[in-house]
>>> print(open('run_24.csv').read())   # CSV, C-alpha atoms
chain,number,residue,atom,x,y,z
N,1,MET,CA,18.1,-23.0,-107.3
N,2,THR,CA,17.6,-19.3,-107.9
N,3,PHE,CA,14.5,-17.8,-109.4
N,4,GLY,CA,16.4,-17.0,-112.6
N,5,GLU,CA,17.6,-20.6,-112.9
N,6,ARG,CA,14.1,-22.0,-112.2
N,7,LEU,CA,12.5,-19.7,-114.7
N,8,LYS,CA,15.0,-20.7,-117.4
N,9,GLU,CA,14.5,-24.4,-116.6
N,10,LEU,CA,10.7,-24.1,-116.9
N,11,ARG,CA,11.0,-22.1,-120.1
N,12,GLU,CA,13.3,-24.6,-121.7
N,13,GLN,CA,11.3,-27.6,-120.6
N,14,ARG,CA,8.4,-26.1,-122.5
N,15,ASN,CA,10.5,-25.2,-125.6
N,16,MET,CA,9.7,-21.5,-125.1
N,17,THR,CA,11.9,-18.6,-126.0
N,18,GLN,CA,12.4,-15.6,-123.7
N,19,HIS,CA,10.3,-13.7,-126.3
N,20,ASP,CA,7.5,-16.3,-126.0
N,21,VAL,CA,7.4,-15.9,-122.2
N,22,ALA,CA,7.6,-12.1,-122.4
N,23,ILE,CA,4.5,-12.0,-124.7
N,24,ALA,CA,2.6,-14.4,-122.4
N,25,VAL,CA,3.2,-12.3,-119.3
N,26,SER,CA,3.1,-8.9,-121.0
N,27,LYS,CA,6.7,-8.0,-120.5
N,28,LYS,CA,9.7,-7.3,-122.7
N,29,ARG,CA,12.2,-10.0,-123.7
N,30,ALA,CA,14.9,-8.0,-121.9
N,31,ASP,CA,12.9,-8.2,-118.7
N,32,ILE,CA,12.8,-12.1,-118.9
N,33,ALA,CA,16.5,-12.1,-119.8
N,34,GLY,CA,17.2,-10.0,-116.7
N,35,TYR,CA,15.3,-12.3,-114.5
N,36,GLU,CA,17.2,-15.3,-115.9
N,37,THR,CA,20.8,-13.9,-116.0
N,38,LYS,CA,21.1,-10.6,-114.1
N,39,GLY,CA,19.3,-11.5,-110.8
N,40,THR,CA,16.5,-8.9,-111.3
N,41,SER,CA,13.2,-9.7,-109.7
N,42,PRO,CA,9.7,-9.4,-111.2
N,43,ASN,CA,6.9,-7.6,-109.4
N,44,LEU,CA,4.2,-9.6,-107.7
N,45,GLU,CA,1.8,-9.4,-110.7
N,46,THR,CA,4.5,-10.8,-113.1
N,47,LEU,CA,5.4,-13.5,-110.6
N,48,ARG,CA,1.8,-14.6,-110.4
N,49,ASN,CA,1.5,-14.5,-114.2
N,50,LEU,CA,4.7,-16.6,-114.6
N,51,ALA,CA,3.4,-19.2,-112.1
N,52,ASP,CA,0.1,-19.3,-114.0
N,53,LEU,CA,1.9,-19.7,-117.3
N,54,PHE,CA,4.0,-22.6,-116.1
N,55,LYS,CA,1.2,-24.1,-113.9
N,56,VAL,CA,3.5,-24.1,-110.8
N,57,SER,CA,3.3,-22.4,-107.4
N,58,ILE,CA,5.0,-19.1,-106.7
N,59,ASP,CA,6.9,-20.9,-103.9
N,60,TYR,CA,8.4,-23.3,-106.5
N,61,LEU,CA,9.3,-20.4,-108.8
N,62,ILE,CA,11.2,-18.5,-106.1
N,63,GLY,CA,12.9,-21.7,-104.8
N,64,ARG,CA,11.1,-22.1,-101.5
N,65,THR,CA,10.2,-25.7,-102.5
N,66,ASN,CA,11.2,-28.2,-105.1
N,67,ASP,CA,7.6,-29.4,-105.4
N,68,PRO,CA,6.0,-27.4,-108.3
N,69,TYR,CA,2.5,-28.1,-106.9
N,70,GLN,CA,3.3,-27.4,-103.2
N,71,THR,CA,0.3,-25.8,-101.5
N,72,PHE,CA,1.6,-25.5,-97.9
N,73,ILE,CA,-1.8,-26.6,-96.5
N,74,LYS,CA,-1.5,-28.6,-93.4
N,75,GLU,CA,-3.2,-32.0,-93.6
N,76,ASP,CA,-4.5,-31.4,-90.1
N,77,ASP,CA,-6.6,-28.6,-91.5
N,78,MET,CA,-8.1,-30.8,-94.3
N,79,ARG,CA,-11.0,-33.2,-94.4
N,80,PRO,CA,-10.1,-36.9,-95.3
N,81,VAL,CA,-11.7,-36.6,-98.7
N,82,GLN,CA,-9.5,-33.6,-99.5
N,83,ILE,CA,-6.4,-35.5,-98.5
N,84,HIS,CA,-7.5,-38.4,-100.7
N,85,VAL,CA,-8.1,-36.1,-103.7
N,86,ILE,CA,-4.6,-34.5,-103.4
N,87,ASP,CA,-2.9,-37.9,-103.0
N,88,ARG,CA,-4.8,-39.1,-106.1
N,89,ILE,CA,-3.8,-36.0,-108.1
N,90,LYS,CA,-0.1,-36.6,-107.1
N,91,GLU,CA,-0.4,-40.2,-108.3
N,92,LEU,CA,-1.9,-39.2,-111.6
N,93,ILE,CA,0.8,-36.5,-112.2
N,94,ARG,CA,3.5,-39.2,-111.6
N,95,ASN,CA,1.8,-41.3,-114.3
N,96,ASP,CA,2.9,-38.7,-116.8
N,97,LEU,CA,-0.4,-37.0,-117.8
N,98,SER,CA,0.2,-34.6,-120.6
N,99,ASP,CA,0.5,-30.9,-120.0
N,100,ILE,CA,-2.8,-30.4,-121.8
N,101,ASP,CA,-4.6,-33.0,-119.7
N,102,LEU,CA,-3.2,-31.3,-116.5
N,103,ALA,CA,-4.4,-28.0,-117.8
N,104,TYR,CA,-7.9,-29.4,-118.4
N,105,ALA,CA,-7.9,-30.9,-114.9
N,106,ILE,CA,-7.0,-27.5,-113.4
N,107,ASP,CA,-9.6,-25.7,-115.5
N,108,PHE,CA,-12.3,-28.2,-114.4
N,109,ILE,CA,-11.4,-27.8,-110.7
N,110,GLU,CA,-11.5,-24.0,-111.1
N,111,PHE,CA,-14.9,-24.3,-112.8
N,112,LEU,CA,-16.2,-26.4,-109.8
N,113,ASN,CA,-14.8,-23.9,-107.4
N,114,ALA,CA,-16.4,-20.9,-109.2
N,115,ARG,CA,-19.7,-22.7,-109.4
N,116,ASN,CA,-19.6,-23.4,-105.6
N,117,ILE,CA,-18.7,-19.8,-104.8
N,118,ALA,CA,-21.6,-18.5,-107.0
N,119,ARG,CA,-24.0,-20.9,-105.2
N,120,LYS,CA,-23.0,-19.4,-101.9
N,121,LYS,CA,-24.0,-15.9,-103.0
>>> encode(input="run_24.csv", output="structure tokens")
Amino acid sequence: MTFGERLKELREQRNMTQHDVAIAVSKKRADIAGYETKGTSPNLETLRNLADLFKVSIDYLIGRTNDPYQTFIKEDDMRPVQIHVIDRIKELIRNDLSDIDLAYAIDFIEFLNARNIARKK
């Protein structure tokens, strides 16, 4: 699947127009249309903003993986508790958590990460 096809699919799954996406990532509607139909490519900042908007990885957006949450972290480099947490998250996602619940979960994990970074300073 191409980047444009993936972008359109994500947009339509969320019932968003090209205009909605453009506003969310500070671009013009014509830019979004170009990504979807003309094979144009966004810059890195826009790509990051699109991934954040749709809560997927950049690798998923550009077609490197079909797993929207792929992290490419090797399990060999992880502690057992980290592997357990990721497996549990995958299980919960399969159980059809709502988009808002998933967003809350991400926000909470980001809060914990920021708190731990602040403690280290």
>>> closest_residue(input="run_24.csv", among="N:Val56, N:Ala118, N:Leu102, N:Ile86", to="Arg6 in chain N", atoms="all atoms listed in the file")
N:Val56
>>> residues_around(input="run_24.csv", residues="Val21 in chain N", least_positions_apart="5", cutoff="9 Å", atoms="all atoms listed in the file", output="list in words")
Arg11, Met16, Ser26, Lys27, Lys28, Arg29, Ile32, Leu50 and Leu53 of chain N
>>> closest_residue(input="run_24.csv", among="N:Ile23, N:Val81, N:Ala51, N:Ala30", to="Leu7 in chain N", atoms="only C-alpha atoms")
N:Ala51
>>> atom_distance(input="run_24.csv", atom1="CA of Ile58 in chain N", atom2="CA of Asn43 in chain N")
12.0 Å
>>> closest_residue(input="run_24.csv", among="N:His84, N:Arg64, N:Arg48, N:Arg79", to="Phe3 in chain N", atoms="only C-alpha atoms")
N:Arg64
>>> atom_distance(input="run_24.csv", atom1="CA of Gly34 in chain N", atom2="CA of Thr17 in chain N")
13.7 Å
>>> residues_around(input="run_24.csv", residues="Lys55 in chain N", least_positions_apart="6", cutoff="10 Å", atoms="all atoms listed in the file", output="number ranges by chain")
N: 10, 49, 68-69, 99, 102-103, 106
>>> write_last_selection(input="run_24.csv", atoms="C-alpha atoms", output="compact mmCIF listing (two decimals), keeping the file's coordinate frame")
# COMPACT_ATOMS: atom_id res chain seq x y z
CA LEU N 10 10.70 -24.10 -116.90
CA ASN N 49 1.50 -14.50 -114.20
CA PRO N 68 6.00 -27.40 -108.30
CA TYR N 69 2.50 -28.10 -106.90
CA ASP N 99 0.50 -30.90 -120.00
CA LEU N 102 -3.20 -31.30 -116.50
CA ALA N 103 -4.40 -28.00 -117.80
CA ILE N 106 -7.00 -27.50 -113.40
>>> closest_residue(input="run_24.csv", among="N:Ala24, N:Ile109, N:Gln18, N:Asp76", to="Ile89 in chain N", atoms="only C-alpha atoms")
N:Ile109
>>> build_atoms(input="run_24.csv", residues="range 44-74 of chain N", atoms="N, CA and C atoms", output="PDB file, in the frame of the given file")
ATOM      1  N   LEU N  44       5.060  -8.547-108.161  1.00  0.00           N
ATOM      2  CA  LEU N  44       4.200  -9.600-107.700  1.00  0.00           C
ATOM      3  C   LEU N  44       3.217 -10.049-108.860  1.00  0.00           C
ATOM      4  N   GLU N  45       2.701  -9.104-109.608  1.00  0.00           N
ATOM      5  CA  GLU N  45       1.800  -9.400-110.700  1.00  0.00           C
ATOM      6  C   GLU N  45       2.481 -10.319-111.756  1.00  0.00           C
ATOM      7  N   THR N  46       3.704  -9.959-112.106  1.00  0.00           N
ATOM      8  CA  THR N  46       4.500 -10.800-113.100  1.00  0.00           C
ATOM      9  C   THR N  46       4.783 -12.126-112.524  1.00  0.00           C
ATOM     10  N   LEU N  47       5.149 -12.192-111.261  1.00  0.00           N
ATOM     11  CA  LEU N  47       5.400 -13.500-110.600  1.00  0.00           C
ATOM     12  C   LEU N  47       4.201 -14.377-110.672  1.00  0.00           C
ATOM     13  N   ARG N  48       3.041 -13.802-110.363  1.00  0.00           N
ATOM     14  CA  ARG N  48       1.800 -14.600-110.400  1.00  0.00           C
ATOM     15  C   ARG N  48       1.520 -15.025-111.854  1.00  0.00           C
ATOM     16  N   ASN N  49       1.746 -14.156-112.828  1.00  0.00           N
ATOM     17  CA  ASN N  49       1.500 -14.500-114.200  1.00  0.00           C
ATOM     18  C   ASN N  49       2.467 -15.622-114.692  1.00  0.00           C
ATOM     19  N   LEU N  50       3.709 -15.571-114.233  1.00  0.00           N
ATOM     20  CA  LEU N  50       4.700 -16.600-114.600  1.00  0.00           C
ATOM     21  C   LEU N  50       4.252 -17.961-113.965  1.00  0.00           C
ATOM     22  N   ALA N  51       3.818 -17.930-112.709  1.00  0.00           N
ATOM     23  CA  ALA N  51       3.400 -19.200-112.100  1.00  0.00           C
ATOM     24  C   ALA N  51       2.155 -19.739-112.806  1.00  0.00           C
ATOM     25  N   ASP N  52       1.242 -18.876-113.208  1.00  0.00           N
ATOM     26  CA  ASP N  52       0.100 -19.300-114.000  1.00  0.00           C
ATOM     27  C   ASP N  52       0.489 -19.892-115.328  1.00  0.00           C
ATOM     28  N   LEU N  53       1.398 -19.220-115.990  1.00  0.00           N
ATOM     29  CA  LEU N  53       1.900 -19.700-117.300  1.00  0.00           C
ATOM     30  C   LEU N  53       2.454 -21.071-117.229  1.00  0.00           C
ATOM     31  N   PHE N  54       3.293 -21.310-116.232  1.00  0.00           N
ATOM     32  CA  PHE N  54       4.000 -22.600-116.100  1.00  0.00           C
ATOM     33  C   PHE N  54       3.223 -23.601-115.256  1.00  0.00           C
ATOM     34  N   LYS N  55       2.075 -23.178-114.705  1.00  0.00           N
ATOM     35  CA  LYS N  55       1.200 -24.100-113.900  1.00  0.00           C
ATOM     36  C   LYS N  55       2.020 -24.624-112.687  1.00  0.00           C
ATOM     37  N   VAL N  56       2.726 -23.719-112.003  1.00  0.00           N
ATOM     38  CA  VAL N  56       3.500 -24.100-110.800  1.00  0.00           C
ATOM     39  C   VAL N  56       3.150 -23.062-109.711  1.00  0.00           C
ATOM     40  N   SER N  57       3.536 -23.369-108.494  1.00  0.00           N
ATOM     41  CA  SER N  57       3.300 -22.400-107.400  1.00  0.00           C
ATOM     42  C   SER N  57       4.385 -21.319-107.436  1.00  0.00           C
ATOM     43  N   ILE N  58       4.051 -20.201-106.857  1.00  0.00           N
ATOM     44  CA  ILE N  58       5.000 -19.100-106.700  1.00  0.00           C
ATOM     45  C   ILE N  58       6.188 -19.577-105.846  1.00  0.00           C
ATOM     46  N   ASP N  59       5.883 -20.346-104.810  1.00  0.00           N
ATOM     47  CA  ASP N  59       6.900 -20.900-103.900  1.00  0.00           C
ATOM     48  C   ASP N  59       7.946 -21.706-104.730  1.00  0.00           C
ATOM     49  N   TYR N  60       7.467 -22.471-105.688  1.00  0.00           N
ATOM     50  CA  TYR N  60       8.400 -23.300-106.500  1.00  0.00           C
ATOM     51  C   TYR N  60       9.221 -22.325-107.396  1.00  0.00           C
ATOM     52  N   LEU N  61       8.588 -21.313-107.971  1.00  0.00           N
ATOM     53  CA  LEU N  61       9.300 -20.400-108.800  1.00  0.00           C
ATOM     54  C   LEU N  61      10.471 -19.694-108.070  1.00  0.00           C
ATOM     55  N   ILE N  62      10.211 -19.299-106.837  1.00  0.00           N
ATOM     56  CA  ILE N  62      11.200 -18.500-106.100  1.00  0.00           C
ATOM     57  C   ILE N  62      12.168 -19.443-105.295  1.00  0.00           C
ATOM     58  N   GLY N  63      11.999 -20.773-105.421  1.00  0.00           N
ATOM     59  CA  GLY N  63      12.900 -21.700-104.800  1.00  0.00           C
ATOM     60  C   GLY N  63      12.656 -22.073-103.366  1.00  0.00           C
ATOM     61  N   ARG N  64      11.453 -21.770-102.862  1.00  0.00           N
ATOM     62  CA  ARG N  64      11.100 -22.100-101.500  1.00  0.00           C
ATOM     63  C   ARG N  64      10.794 -23.628-101.357  1.00  0.00           C
ATOM     64  N   THR N  65      10.465 -24.271-102.478  1.00  0.00           N
ATOM     65  CA  THR N  65      10.200 -25.700-102.500  1.00  0.00           C
ATOM     66  C   THR N  65      10.615 -26.280-103.823  1.00  0.00           C
ATOM     67  N   ASN N  66      10.877 -27.561-103.826  1.00  0.00           N
ATOM     68  CA  ASN N  66      11.200 -28.200-105.100  1.00  0.00           C
ATOM     69  C   ASN N  66       9.986 -28.982-105.631  1.00  0.00           C
ATOM     70  N   ASP N  67       8.846 -28.836-104.976  1.00  0.00           N
ATOM     71  CA  ASP N  67       7.600 -29.400-105.400  1.00  0.00           C
ATOM     72  C   ASP N  67       6.812 -28.329-106.165  1.00  0.00           C
ATOM     73  N   PRO N  68       6.672 -28.440-107.500  1.00  0.00           N
ATOM     74  CA  PRO N  68       6.000 -27.400-108.300  1.00  0.00           C
ATOM     75  C   PRO N  68       4.549 -27.164-107.874  1.00  0.00           C
ATOM     76  N   TYR N  69       3.958 -28.138-107.201  1.00  0.00           N
ATOM     77  CA  TYR N  69       2.500 -28.100-106.900  1.00  0.00           C
ATOM     78  C   TYR N  69       2.293 -27.901-105.374  1.00  0.00           C
ATOM     79  N   GLN N  70       3.346 -27.591-104.632  1.00  0.00           N
ATOM     80  CA  GLN N  70       3.300 -27.400-103.200  1.00  0.00           C
ATOM     81  C   GLN N  70       2.233 -26.395-102.808  1.00  0.00           C
ATOM     82  N   THR N  71       1.370 -26.743-101.871  1.00  0.00           N
ATOM     83  CA  THR N  71       0.300 -25.800-101.500  1.00  0.00           C
ATOM     84  C   THR N  71       0.516 -25.257-100.063  1.00  0.00           C
ATOM     85  N   PHE N  72       1.321 -25.916 -99.258  1.00  0.00           N
ATOM     86  CA  PHE N  72       1.600 -25.500 -97.900  1.00  0.00           C
ATOM     87  C   PHE N  72       0.293 -25.501 -97.034  1.00  0.00           C
ATOM     88  N   ILE N  73      -0.657 -26.363 -97.380  1.00  0.00           N
ATOM     89  CA  ILE N  73      -1.800 -26.600 -96.500  1.00  0.00           C
ATOM     90  C   ILE N  73      -1.530 -27.740 -95.637  1.00  0.00           C
ATOM     91  N   LYS N  74      -1.747 -27.554 -94.351  1.00  0.00           N
ATOM     92  CA  LYS N  74      -1.500 -28.600 -93.400  1.00  0.00           C
ATOM     93  C   LYS N  74      -2.586 -29.695 -93.526  1.00  0.00           C
TER      94      LYS N  74
END
